[in-house]
Amino acid sequence: MTTKSAFTGISTKPPAEENHSCWSCGAMRAAHFCESCGKVQPPAPVDYFAFFGLPRRQLNLDVAKLEKDFYELSRKLHPDVSARASAQEQEWSLEQSSMLNDAYRTLRDPIKRTQYLLRLEGIELEEQSKSATERARATGETKKQIVPPDLLEEVFELNMQLEELRAQKKMGEDDPALVEEVGRQKLELEERYDGLLEELENYWKEWDVLIDRGPEANAEERAAVAKKMVDVLNRRNYIRNLVRDVTAVLES
Amino acid sequence: MAYSDKVIDHYNNPRNVGSMDKSSADVGTGLVGAPECGDVMKLQIKVNPQTNVIEDAKFKTFGCGSAIASSSLATEWVKGKTIDEALTIKNTEIVKELSLPPVKIHCSVLAEDAIRAAICDWKKKQGAEKPVAAEAK
């Protein structure tokens, strides 16, 4: 069931249990404006995907359309437009506007979009890490590091090299062999960084297929894909920092 | 965000920075990471096999001030403790000592993980040193 709002041009899929009528004219309303009288509506407590009328928690989305919808809604929610409306309507416009900006900034960025989805799915990385440590303390079991040990080794070693190169540069006598070696690693890291985004996009596809089958189905499979996405994001954080630090040292 | 005086002190004068021979039988090495921020922390302990007392500890951390301070403090605390005593150190005690804000709690978790990982590595080595006779077929 997809309705097309006459005022926003955005297709919306209001959740069945949350059918609201317009506060002003009583007609059934779309997400942001009444389809009948066009008045701004109070912000609904929905996630960012629903805010833009997107299919439920789907990771592959049409960013060009998202941008178009964003600009259109921004215009309609602009304070100048509602300047002559009631104080209550102006307040709603402002709240909708602020949510619009947050939703757009989050969804247009592939990494932020994935992190947001994982949060919606109740995956709190820091919380998980903390409770794993507490479990290790209580049971004496070994906590499994979420990042592969060889990546940690690699990050550590490269940081040692960077520290050495930084010290050499300070003295004005950098070793050309080390500069070349670090430069080579920089290229390799940048390649891996791009590769991780591709890997993530593959998991989006797996995710969307599972979501399509319904919200309650295959919880285990979904958790498995979510875990793979978490893995990619974790590795990406390390590679991102390395690229940043290597670049800073080479350019210093 | 302002760092507490204790964090700044550990950051400016980190205790026990360095490394020990990873392959030595009485040295345990823990290498752990906090992927949220991309930090890596290496903590090493040197244990007296007769008394199980940690006689020396070294660390090297690449990360923020709180991660460096947490690991620096961790090396101070484990020194002189037995293995079993060191295993009781809680990340919350590090948070309290360094007045870490909520966003930096993961740094203290990392330090506790590093202590445990180092002890685990040492224990493994002790096990390997003394092969169990019953395993021989």
# chains A, B, ... in the order shown; residues from 1 in each chain; ligands from 1

call {"tool": "closest_atom_pairs", "arguments": {"of": "segment 17-36 of chain B", "to": "segment 93-110 of chain B", "cutoff": "12 Å", "atoms": "only C-alpha atoms", "output": "tab-separated table"}}
result
residue	atom	partner	partner_atom	distance
B:Gly30	CA	B:Leu110	CA	10.5
B:Leu31	CA	B:Leu110	CA	9.7
B:Val32	CA	B:Leu110	CA	6.8
B:Gly33	CA	B:Leu110	CA	6.8
B:Ala34	CA	B:Leu110	CA	6.6
B:Pro35	CA	B:His106	CA	10.0
B:Glu36	CA	B:His106	CA	8.7

call {"tool": "residues_around", "arguments": {"residues": "Ala44 of chain A", "least_positions_apart": "6", "cutoff": "9 Å", "atoms": "only C-alpha atoms", "output": "compact mmCIF listing (two decimals) with all heavy atoms, in the first residue's frame"}}
result
# COMPACT_ATOMS: atom_id res chain seq x y z
N ALA A 31 2.89 11.78 5.95
CA ALA A 31 3.86 11.93 7.04
C ALA A 31 4.03 13.37 7.53
O ALA A 31 4.00 13.62 8.72
CB ALA A 31 5.20 11.37 6.61
N HIS A 32 4.20 14.30 6.61
CA HIS A 32 4.59 15.63 7.06
C HIS A 32 3.51 16.70 6.88
O HIS A 32 3.47 17.66 7.62
CB HIS A 32 5.86 16.06 6.34
CG HIS A 32 6.91 15.00 6.32
ND1 HIS A 32 7.55 14.62 7.47
CD2 HIS A 32 7.38 14.19 5.33
CE1 HIS A 32 8.40 13.63 7.17
NE2 HIS A 32 8.30 13.36 5.89
N PHE A 51 10.72 8.41 8.01
CA PHE A 51 10.56 9.85 7.84
C PHE A 51 10.56 10.22 6.36
O PHE A 51 9.81 11.07 5.92
CB PHE A 51 11.70 10.60 8.57
CG PHE A 51 11.54 12.09 8.54
CD1 PHE A 51 10.85 12.75 9.55
CD2 PHE A 51 12.08 12.84 7.50
CE1 PHE A 51 10.69 14.13 9.53
CE2 PHE A 51 11.93 14.22 7.47
CZ PHE A 51 11.23 14.87 8.48
N GLN A 96 10.04 19.40 12.53
CA GLN A 96 10.13 18.55 11.34
C GLN A 96 11.41 18.86 10.57
O GLN A 96 12.09 17.98 10.05
CB GLN A 96 8.93 18.81 10.41
CG GLN A 96 7.61 18.40 11.00
CD GLN A 96 7.14 17.05 10.46
OE1 GLN A 96 7.96 16.24 10.05
NE2 GLN A 96 5.84 16.84 10.47

call {"tool": "select_by_dssp", "arguments": {"residues": "segment 45-79 of chain B", "states": "helix (DSSP H, G or I)", "output": "PyMOL selection string"}}
result
chain B and resi 65-78

call {"tool": "write_last_selection", "arguments": {"atoms": "all heavy atoms", "output": "compact mmCIF listing (two decimals), in the first residue's frame"}}
result
# COMPACT_ATOMS: atom_id res chain seq x y z
N GLY B 65 44.50 10.34 24.53
CA GLY B 65 45.08 10.56 25.85
C GLY B 65 44.53 9.63 26.90
O GLY B 65 45.28 9.11 27.74
N SER B 66 43.23 9.37 26.86
CA SER B 66 42.62 8.50 27.86
C SER B 66 43.09 7.06 27.72
O SER B 66 43.25 6.36 28.72
CB SER B 66 41.10 8.53 27.72
OG SER B 66 40.62 9.83 27.88
N ALA B 67 43.30 6.62 26.47
CA ALA B 67 43.77 5.25 26.26
C ALA B 67 45.20 5.11 26.77
O ALA B 67 45.57 4.11 27.40
CB ALA B 67 43.70 4.89 24.78
N ILE B 68 46.02 6.12 26.51
CA ILE B 68 47.40 6.10 26.99
C ILE B 68 47.43 6.13 28.52
O ILE B 68 48.13 5.33 29.16
CB ILE B 68 48.20 7.28 26.39
CG1 ILE B 68 48.40 7.04 24.88
CG2 ILE B 68 49.54 7.47 27.10
CD1 ILE B 68 48.91 8.21 24.11
N ALA B 69 46.63 7.02 29.11
CA ALA B 69 46.60 7.12 30.57
C ALA B 69 46.09 5.82 31.19
O ALA B 69 46.65 5.35 32.20
CB ALA B 69 45.72 8.30 30.99
N SER B 70 45.06 5.22 30.60
CA SER B 70 44.50 3.98 31.16
C SER B 70 45.54 2.86 31.15
O SER B 70 45.66 2.11 32.12
CB SER B 70 43.28 3.52 30.35
OG SER B 70 42.24 4.45 30.44
N SER B 71 46.30 2.75 30.06
CA SER B 71 47.29 1.67 30.00
C SER B 71 48.49 1.97 30.89
O SER B 71 49.07 1.07 31.51
CB SER B 71 47.71 1.38 28.56
OG SER B 71 47.83 2.55 27.80
N SER B 72 48.86 3.24 30.97
CA SER B 72 49.96 3.63 31.85
C SER B 72 49.61 3.28 33.30
O SER B 72 50.40 2.67 34.02
CB SER B 72 50.21 5.14 31.69
OG SER B 72 51.12 5.61 32.65
N LEU B 73 48.40 3.64 33.69
CA LEU B 73 47.93 3.33 35.05
C LEU B 73 47.87 1.81 35.26
O LEU B 73 48.26 1.31 36.32
CB LEU B 73 46.54 3.95 35.26
CG LEU B 73 45.90 3.72 36.62
CD1 LEU B 73 46.66 4.46 37.72
CD2 LEU B 73 44.43 4.18 36.62
N ALA B 74 47.41 1.09 34.25
CA ALA B 74 47.30 -0.37 34.36
C ALA B 74 48.66 -1.00 34.66
O ALA B 74 48.77 -1.88 35.51
CB ALA B 74 46.71 -0.95 33.09
N THR B 75 49.72 -0.52 34.00
CA THR B 75 51.05 -1.08 34.26
C THR B 75 51.49 -0.78 35.70
O THR B 75 52.08 -1.62 36.36
CB THR B 75 52.13 -0.54 33.29
OG1 THR B 75 52.13 0.88 33.35
CG2 THR B 75 51.89 -1.00 31.87
N GLU B 76 51.15 0.43 36.16
CA GLU B 76 51.50 0.78 37.55
C GLU B 76 50.80 -0.15 38.53
O GLU B 76 51.39 -0.60 39.50
CB GLU B 76 51.08 2.22 37.84
CG GLU B 76 52.10 3.25 37.48
CD GLU B 76 51.78 4.59 38.14
OE1 GLU B 76 50.59 4.92 38.26
OE2 GLU B 76 52.73 5.30 38.51
N TRP B 77 49.53 -0.40 38.26
CA TRP B 77 48.74 -1.19 39.19
C TRP B 77 49.12 -2.67 39.20
O TRP B 77 49.07 -3.31 40.24
CB TRP B 77 47.24 -1.05 38.85
CG TRP B 77 46.65 0.20 39.43
CD1 TRP B 77 47.30 1.14 40.18
CD2 TRP B 77 45.29 0.64 39.33
NE1 TRP B 77 46.43 2.15 40.54
CE2 TRP B 77 45.19 1.87 40.03
CE3 TRP B 77 44.15 0.14 38.70
CZ2 TRP B 77 43.99 2.59 40.13
CZ3 TRP B 77 42.96 0.84 38.81
CH2 TRP B 77 42.88 2.05 39.51
N VAL B 78 49.48 -3.24 38.06
CA VAL B 78 49.75 -4.69 38.05
C VAL B 78 51.11 -5.01 38.66
O VAL B 78 51.32 -6.10 39.18
CB VAL B 78 49.67 -5.33 36.63
CG1 VAL B 78 48.26 -5.23 36.08
CG2 VAL B 78 50.67 -4.73 35.68

call {"tool": "interface_residues", "arguments": {"of": "chain A", "to": "chain B", "cutoff": "9 Å", "atoms": "only C-alpha atoms", "output": "ChimeraX atom specification"}}
result
/A:125-126,129-130,133-134,136-137,140,142-143,145-147,149,152-153,155-156,159-160,233-242

call {"tool": "write_last_selection", "arguments": {"atoms": "C-alpha atoms", "output": "mmCIF file, in the first residue's frame"}}
result
data_model
loop_
_atom_site.group_PDB
_atom_site.id
_atom_site.type_symbol
_atom_site.label_atom_id
_atom_site.label_comp_id
_atom_site.auth_asym_id
_atom_site.auth_seq_id
_atom_site.Cartn_x
_atom_site.Cartn_y
_atom_site.Cartn_z
ATOM 1 C CA LEU A 125 29.008 -2.060 20.081
ATOM 2 C CA GLU A 126 30.491 -0.387 23.104
ATOM 3 C CA SER A 129 32.446 -4.907 24.433
ATOM 4 C CA LYS A 130 31.951 -3.832 28.033
ATOM 5 C CA THR A 133 34.915 -7.821 29.490
ATOM 6 C CA GLU A 134 32.698 -8.215 32.534
ATOM 7 C CA ALA A 136 35.650 -12.521 31.130
ATOM 8 C CA ARG A 137 36.265 -11.110 34.591
ATOM 9 C CA GLY A 140 37.897 -16.350 33.710
ATOM 10 C CA THR A 142 39.188 -15.201 27.429
ATOM 11 C CA LYS A 143 37.444 -12.281 25.778
ATOM 12 C CA GLN A 145 38.822 -9.475 20.391
ATOM 13 C CA ILE A 146 36.383 -8.274 17.766
ATOM 14 C CA VAL A 147 39.147 -7.249 15.415
ATOM 15 C CA PRO A 149 44.579 -10.302 15.781
ATOM 16 C CA LEU A 152 45.924 -5.487 15.323
ATOM 17 C CA GLU A 153 49.528 -6.639 14.797
ATOM 18 C CA VAL A 155 48.206 -1.615 12.934
ATOM 19 C CA PHE A 156 50.679 -1.769 15.787
ATOM 20 C CA ASN A 159 52.282 2.806 14.022
ATOM 21 C CA MET A 160 55.773 1.918 15.245
ATOM 22 C CA LEU A 233 32.903 -1.068 10.068
ATOM 23 C CA ASN A 234 35.387 -2.047 12.761
ATOM 24 C CA ARG A 235 38.136 -2.905 10.305
ATOM 25 C CA ARG A 236 37.354 0.252 8.369
ATOM 26 C CA ASN A 237 37.897 2.410 11.476
ATOM 27 C CA TYR A 238 41.435 1.074 11.810
ATOM 28 C CA ILE A 239 42.252 1.497 8.155
ATOM 29 C CA ARG A 240 40.767 5.012 8.159
ATOM 30 C CA ASN A 241 42.977 6.054 11.078
ATOM 31 C CA LEU A 242 46.041 4.534 9.453
#

call {"tool": "atom_distance", "arguments": {"atom1": "atom CA of Thr51 of chain B", "atom2": "atom CA of Asn16 of chain B"}}
result
21.8 Å

call {"tool": "closest_residue", "arguments": {"among": "A:Lys227, A:Arg57, A:Arg135, A:Lys76", "to": "Leu107 of chain A", "atoms": "only C-alpha atoms"}}
result
A:Arg57

call {"tool": "atom_distance", "arguments": {"atom1": "atom CA of Phe52 of chain A", "atom2": "atom CA of Trp204 of chain A"}}
result
18.8 Å

call {"tool": "residues_around", "arguments": {"residues": "Ser23 of chain B", "least_positions_apart": "5", "cutoff": "12 Å", "atoms": "only C-alpha atoms", "output": "mmCIF file with N, CA, C and O atoms, in the first residue's frame"}}
result
data_model
loop_
_atom_site.group_PDB
_atom_site.id
_atom_site.type_symbol
_atom_site.label_atom_id
_atom_site.label_comp_id
_atom_site.auth_asym_id
_atom_site.auth_seq_id
_atom_site.Cartn_x
_atom_site.Cartn_y
_atom_site.Cartn_z
ATOM 1 N N GLY B 28 54.367 -12.233 29.331
ATOM 2 C CA GLY B 28 53.046 -12.369 28.719
ATOM 3 C C GLY B 28 52.709 -11.101 27.956
ATOM 4 O O GLY B 28 52.959 -9.999 28.448
ATOM 5 N N THR B 29 52.182 -11.247 26.742
ATOM 6 C CA THR B 29 51.891 -10.086 25.911
ATOM 7 C C THR B 29 50.405 -10.031 25.572
ATOM 8 O O THR B 29 49.823 -11.039 25.158
ATOM 9 N N GLN B 44 52.599 -5.672 28.322
ATOM 10 C CA GLN B 44 53.406 -6.868 28.583
ATOM 11 C C GLN B 44 53.726 -6.972 30.068
ATOM 12 O O GLN B 44 53.944 -5.950 30.731
ATOM 13 N N LYS B 46 56.044 -9.258 33.069
ATOM 14 C CA LYS B 46 57.106 -10.229 33.333
ATOM 15 C C LYS B 46 56.784 -10.848 34.691
ATOM 16 O O LYS B 46 56.664 -10.135 35.688
ATOM 17 N N ASP B 121 48.165 -14.957 27.911
ATOM 18 C CA ASP B 121 49.316 -15.347 27.084
ATOM 19 C C ASP B 121 50.404 -15.993 27.959
ATOM 20 O O ASP B 121 50.978 -17.020 27.605
ATOM 21 N N TRP B 122 50.638 -15.378 29.110
ATOM 22 C CA TRP B 122 51.656 -15.930 30.026
ATOM 23 C C TRP B 122 51.252 -17.328 30.499
ATOM 24 O O TRP B 122 52.056 -18.251 30.514
ATOM 25 N N LYS B 125 51.847 -19.951 27.997
ATOM 26 C CA LYS B 125 53.265 -20.312 27.916
ATOM 27 C C LYS B 125 53.649 -21.263 29.044
ATOM 28 O O LYS B 125 54.412 -22.202 28.839
#

call {"tool": "decode", "arguments": {"residues": "segment 60-77 of chain A", "atoms": "N, CA and C atoms", "output": "PDB file, in the first residue's frame"}}
result
ATOM      1  N   ASN A  60      19.973  -0.365   0.684  1.00  0.00           N
ATOM      2  CA  ASN A  60      20.200   0.184  -0.648  1.00  0.00           C
ATOM      3  C   ASN A  60      19.109   1.202  -0.913  1.00  0.00           C
ATOM      4  N   LEU A  61      19.507   2.446  -1.110  1.00  0.00           N
ATOM      5  CA  LEU A  61      18.468   3.422  -1.421  1.00  0.00           C
ATOM      6  C   LEU A  61      18.942   4.383  -2.496  1.00  0.00           C
ATOM      7  N   ASP A  62      17.957   5.020  -3.099  1.00  0.00           N
ATOM      8  CA  ASP A  62      18.212   5.922  -4.212  1.00  0.00           C
ATOM      9  C   ASP A  62      18.625   7.279  -3.638  1.00  0.00           C
ATOM     10  N   VAL A  63      19.934   7.522  -3.622  1.00  0.00           N
ATOM     11  CA  VAL A  63      20.439   8.731  -2.964  1.00  0.00           C
ATOM     12  C   VAL A  63      20.025   9.995  -3.721  1.00  0.00           C
ATOM     13  N   ALA A  64      19.919   9.883  -5.061  1.00  0.00           N
ATOM     14  CA  ALA A  64      19.507  11.045  -5.846  1.00  0.00           C
ATOM     15  C   ALA A  64      18.077  11.450  -5.480  1.00  0.00           C
ATOM     16  N   LYS A  65      17.231  10.440  -5.312  1.00  0.00           N
ATOM     17  CA  LYS A  65      15.839  10.724  -4.943  1.00  0.00           C
ATOM     18  C   LYS A  65      15.768  11.269  -3.515  1.00  0.00           C
ATOM     19  N   LEU A  66      16.611  10.712  -2.660  1.00  0.00           N
ATOM     20  CA  LEU A  66      16.668  11.185  -1.273  1.00  0.00           C
ATOM     21  C   LEU A  66      17.008  12.675  -1.246  1.00  0.00           C
ATOM     22  N   GLU A  67      17.976  13.048  -2.063  1.00  0.00           N
ATOM     23  CA  GLU A  67      18.405  14.440  -2.108  1.00  0.00           C
ATOM     24  C   GLU A  67      17.275  15.337  -2.614  1.00  0.00           C
ATOM     25  N   LYS A  68      16.604  14.855  -3.641  1.00  0.00           N
ATOM     26  CA  LYS A  68      15.494  15.624  -4.229  1.00  0.00           C
ATOM     27  C   LYS A  68      14.398  15.825  -3.182  1.00  0.00           C
ATOM     28  N   ASP A  69      14.042  14.747  -2.494  1.00  0.00           N
ATOM     29  CA  ASP A  69      13.011  14.819  -1.456  1.00  0.00           C
ATOM     30  C   ASP A  69      13.436  15.761  -0.333  1.00  0.00           C
ATOM     31  N   PHE A  70      14.730  15.698  -0.017  1.00  0.00           N
ATOM     32  CA  PHE A  70      15.242  16.549   1.055  1.00  0.00           C
ATOM     33  C   PHE A  70      15.042  18.028   0.714  1.00  0.00           C
ATOM     34  N   TYR A  71      15.455  18.406  -0.510  1.00  0.00           N
ATOM     35  CA  TYR A  71      15.340  19.818  -0.878  1.00  0.00           C
ATOM     36  C   TYR A  71      13.895  20.267  -0.951  1.00  0.00           C
ATOM     37  N   GLU A  72      13.040  19.367  -1.450  1.00  0.00           N
ATOM     38  CA  GLU A  72      11.634  19.712  -1.565  1.00  0.00           C
ATOM     39  C   GLU A  72      11.017  19.933  -0.178  1.00  0.00           C
ATOM     40  N   LEU A  73      11.310  19.003   0.723  1.00  0.00           N
ATOM     41  CA  LEU A  73      10.765  19.139   2.079  1.00  0.00           C
ATOM     42  C   LEU A  73      11.357  20.344   2.800  1.00  0.00           C
ATOM     43  N   SER A  74      12.652  20.579   2.596  1.00  0.00           N
ATOM     44  CA  SER A  74      13.302  21.734   3.226  1.00  0.00           C
ATOM     45  C   SER A  74      12.578  23.017   2.863  1.00  0.00           C
ATOM     46  N   ARG A  75      12.248  23.121   1.583  1.00  0.00           N
ATOM     47  CA  ARG A  75      11.564  24.317   1.096  1.00  0.00           C
ATOM     48  C   ARG A  75      10.211  24.466   1.785  1.00  0.00           C
ATOM     49  N   LYS A  76       9.471  23.376   1.821  1.00  0.00           N
ATOM     50  CA  LYS A  76       8.120  23.430   2.393  1.00  0.00           C
ATOM     51  C   LYS A  76       8.124  23.679   3.894  1.00  0.00           C
ATOM     52  N   LEU A  77       9.199  23.237   4.547  1.00  0.00           N
ATOM     53  CA  LEU A  77       9.246  23.389   6.004  1.00  0.00           C
ATOM     54  C   LEU A  77       9.952  24.678   6.423  1.00  0.00           C
TER      55      LEU A  77
END
